[in-house]
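Asker: Got a file for you: work.pdb, PDB, C-alpha atoms.
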ATOM      1  CA  MET A 233       0.000   0.000   0.000  1.00  0.00           C
ATOM      2  CA  LYS A 234       0.980   3.577  -0.588  1.00  0.00           C
ATOM      3  CA  ARG A 235      -0.579   6.809   0.618  1.00  0.00           C
ATOM      4  CA  VAL A 236      -1.874   8.884  -2.300  1.00  0.00           C
ATOM      5  CA  PRO A 237      -3.978  12.070  -2.424  1.00  0.00           C
ATOM      6  CA  GLY A 238      -7.409  11.227  -1.036  1.00  0.00           C
ATOM      7  CA  GLY A 239      -6.542   7.887   0.597  1.00  0.00           C
ATOM      8  CA  LEU A 240      -4.467   4.809  -0.157  1.00  0.00           C
ATOM      9  CA  ALA A 241      -3.522   2.783  -3.223  1.00  0.00           C
ATOM     10  CA  ALA A 242      -3.001  -0.984  -3.062  1.00  0.00           C
ATOM     11  CA  TRP A 243      -1.306  -2.999  -5.812  1.00  0.00           C
ATOM     12  CA  SER A 244      -2.132  -6.663  -6.463  1.00  0.00           C
ATOM     13  CA  ARG A 245      -1.022  -9.258  -8.973  1.00  0.00           C
ATOM     14  CA  LEU A 246      -3.695 -11.622 -10.295  1.00  0.00           C
ATOM     15  CA  LEU A 247      -3.224 -15.042 -11.877  1.00  0.00           C
ATOM     16  CA  THR A 248      -5.946 -17.198 -13.400  1.00  0.00           C
ATOM     17  CA  ILE A 249      -5.792 -20.686 -14.848  1.00  0.00           C
ATOM     18  CA  ALA A 250      -8.512 -21.606 -17.323  1.00  0.00           C
ATOM     19  CA  GLY A 251      -9.999 -25.078 -17.692  1.00  0.00           C
ATOM     20  CA  ASP A 252      -7.868 -25.677 -20.777  1.00  0.00           C
ATOM     21  CA  GLY A 253      -4.693 -24.976 -18.774  1.00  0.00           C
ATOM     22  CA  SER A 254      -4.015 -21.554 -20.283  1.00  0.00           C
ATOM     23  CA  VAL A 255      -2.771 -18.892 -17.870  1.00  0.00           C
ATOM     24  CA  ALA A 256      -3.515 -15.160 -17.768  1.00  0.00           C
ATOM     25  CA  SER A 257      -2.098 -12.570 -15.387  1.00  0.00           C
ATOM     26  CA  ALA A 258      -2.873  -8.949 -14.610  1.00  0.00           C
ATOM     27  CA  ASP A 259      -1.999  -6.126 -12.246  1.00  0.00           C
ATOM     28  CA  ALA A 260      -4.706  -4.380 -10.239  1.00  0.00           C
ATOM     29  CA  VAL A 261      -4.568  -1.052  -8.422  1.00  0.00           C
ATOM     30  CA  ASP A 262      -7.250  -0.339  -5.851  1.00  0.00           C
ATOM     31  CA  SER A 263      -7.940   3.191  -4.674  1.00  0.00           C
ATOM     32  CA  LEU A 264      -9.125   3.058  -1.053  1.00  0.00           C
ATOM     33  CA  VAL A 265     -10.990   5.698   0.921  1.00  0.00           C
ATOM     34  CA  GLU A 266     -11.622   5.827   4.654  1.00  0.00           C
ATOM     35  CA  THR A 267     -15.268   5.792   5.756  1.00  0.00           C
ATOM     36  CA  ALA A 268     -16.957   5.726   9.129  1.00  0.00           C
ATOM     37  CA  ASP A 269     -17.089   1.915   8.776  1.00  0.00           C
ATOM     38  CA  GLY A 270     -13.404   1.558   7.834  1.00  0.00           C
ATOM     39  CA  TRP A 271     -11.443   1.480   4.575  1.00  0.00           C
ATOM     40  CA  ARG A 272     -13.366   0.722   1.362  1.00  0.00           C
ATOM     41  CA  VAL A 273     -12.316   0.196  -2.274  1.00  0.00           C
ATOM     42  CA  ALA A 274     -13.430   3.262  -4.235  1.00  0.00           C
ATOM     43  CA  THR A 275     -12.074   2.165  -7.634  1.00  0.00           C
ATOM     44  CA  ARG A 276     -10.217  -0.796  -9.089  1.00  0.00           C
ATOM     45  CA  THR A 277      -8.187  -0.624 -12.293  1.00  0.00           C
ATOM     46  CA  VAL A 278      -7.001  -3.898 -13.834  1.00  0.00           C
ATOM     47  CA  HIS A 279      -4.359  -4.086 -16.569  1.00  0.00           C
ATOM     48  CA  PRO A 280      -3.070  -7.163 -18.368  1.00  0.00           C
ATOM     49  CA  ARG A 281       0.553  -7.869 -17.412  1.00  0.00           C
ATOM     50  CA  HIS A 282       1.655  -7.124 -20.967  1.00  0.00           C
ATOM     51  CA  GLY A 283      -0.404  -3.932 -21.195  1.00  0.00           C
ATOM     52  CA  GLY A 284       0.241  -0.357 -20.097  1.00  0.00           C
ATOM     53  CA  PRO A 285       1.021   0.925 -16.584  1.00  0.00           C
ATOM     54  CA  ALA A 286      -1.592   0.739 -13.830  1.00  0.00           C
ATOM     55  CA  VAL A 287      -3.299   4.113 -13.424  1.00  0.00           C
ATOM     56  CA  ILE A 288      -5.797   5.180 -10.776  1.00  0.00           C
ATOM     57  CA  THR A 289      -8.621   7.627 -11.411  1.00  0.00           C
ATOM     58  CA  ASP A 290      -6.641  10.807 -10.650  1.00  0.00           C
ATOM     59  CA  GLY A 291      -4.218   9.963 -13.476  1.00  0.00           C
ATOM     60  CA  THR A 292      -1.150   9.159 -11.368  1.00  0.00           C
ATOM     61  CA  ALA A 293       0.897   5.968 -11.476  1.00  0.00           C
ATOM     62  CA  PRO A 294       1.520   5.324  -7.746  1.00  0.00           C
ATOM     63  CA  TRP A 295       4.048   2.533  -8.301  1.00  0.00           C
ATOM     64  CA  ALA A 296       6.261   4.378 -10.823  1.00  0.00           C
TER
END
Let's see the structure in the file written out as structure tokens.
Answerer:
Amino acid sequence: MKRVPGGLAAWSRLLTIAGDGSVASADAVDSLVETADGWRVATRTVHPRHGGPAVITDGTAPWA
């Protein structure tokens, strides 16, 4: 996690295995905001591992 304007950003790596044995991976960046009930995911951006950089809604790349 990293503190960003308006809350926190959390980076995750995803891996899926299809029934035919093929594998796909992606990076996800969650933008979290604090509420009265605790931290909640405000947005989630998912990018294929071979795609462009992960970007959250304010246009910054928090892991660059």
Asker: Considering all atoms listed in the file, state which residue in the set A:Met233, A:Arg272, A:Arg245, A:Gly238 is at the smallest distance from A:Ser257.
Answerer: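 Of the candidates, the smallest distance to A:Ser257 is held by A:Arg245.
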Asker: In Å, with one decimal, what is the gap from atom CA of A:Leu264 to atom CA of A:His279?
Answerer: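 Between atom CA of A:Leu264 and atom CA of A:His279 the gap is 17.7 Å.
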Asker: With distances taken over only C-alpha atoms, which residue among A:Arg235, A:Arg281, A:Arg276, A:Thr267 lies nearest A:Leu247?
Answerer: A:Arg281
Asker: Please compute the atom CA of A:Ala258-atom CA of A:Gly239 distance, one decimal, in Å.
Answerer: 23.0 Å
Asker: Could you jot down the atom CA of A:Pro280 to atom CA of A:Ala241 separation for me, Å, one decimal place?
Answerer: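 If I compute the distance from atom CA of A:Pro280 to atom CA of A:Ala241, I get 18.1 Å.
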Asker: On this structure, the PyMOL selection byres ((chain A and resi 244) around 10) would catch which residues? List them as an NGL selection string, sorted by chain and number.
Answerer: :A and (233 or 242-243 or 245-246 or 258-262 or 278)
Asker: Take every atom of stretch 265-269 of chain A listed in the file, pad by 3 Å on each side, and give me the axis-aligned box centre and edge lengths in Å, one decimal, as AutoDock Vina command-line options.
Answerer:
--center_x -14.0 --center_y 3.9 --center_z 5.0 --size_x 12.1 --size_y 9.9 --size_z 14.2
Asker: When distances are computed from all atoms listed in the file, which of A:Lys234, A:Leu240, A:Ser254, A:Thr248 shows the smallest separation from A:Thr275?
Answerer: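 For A:Thr275, the nearest of the candidates is A:Leu240.
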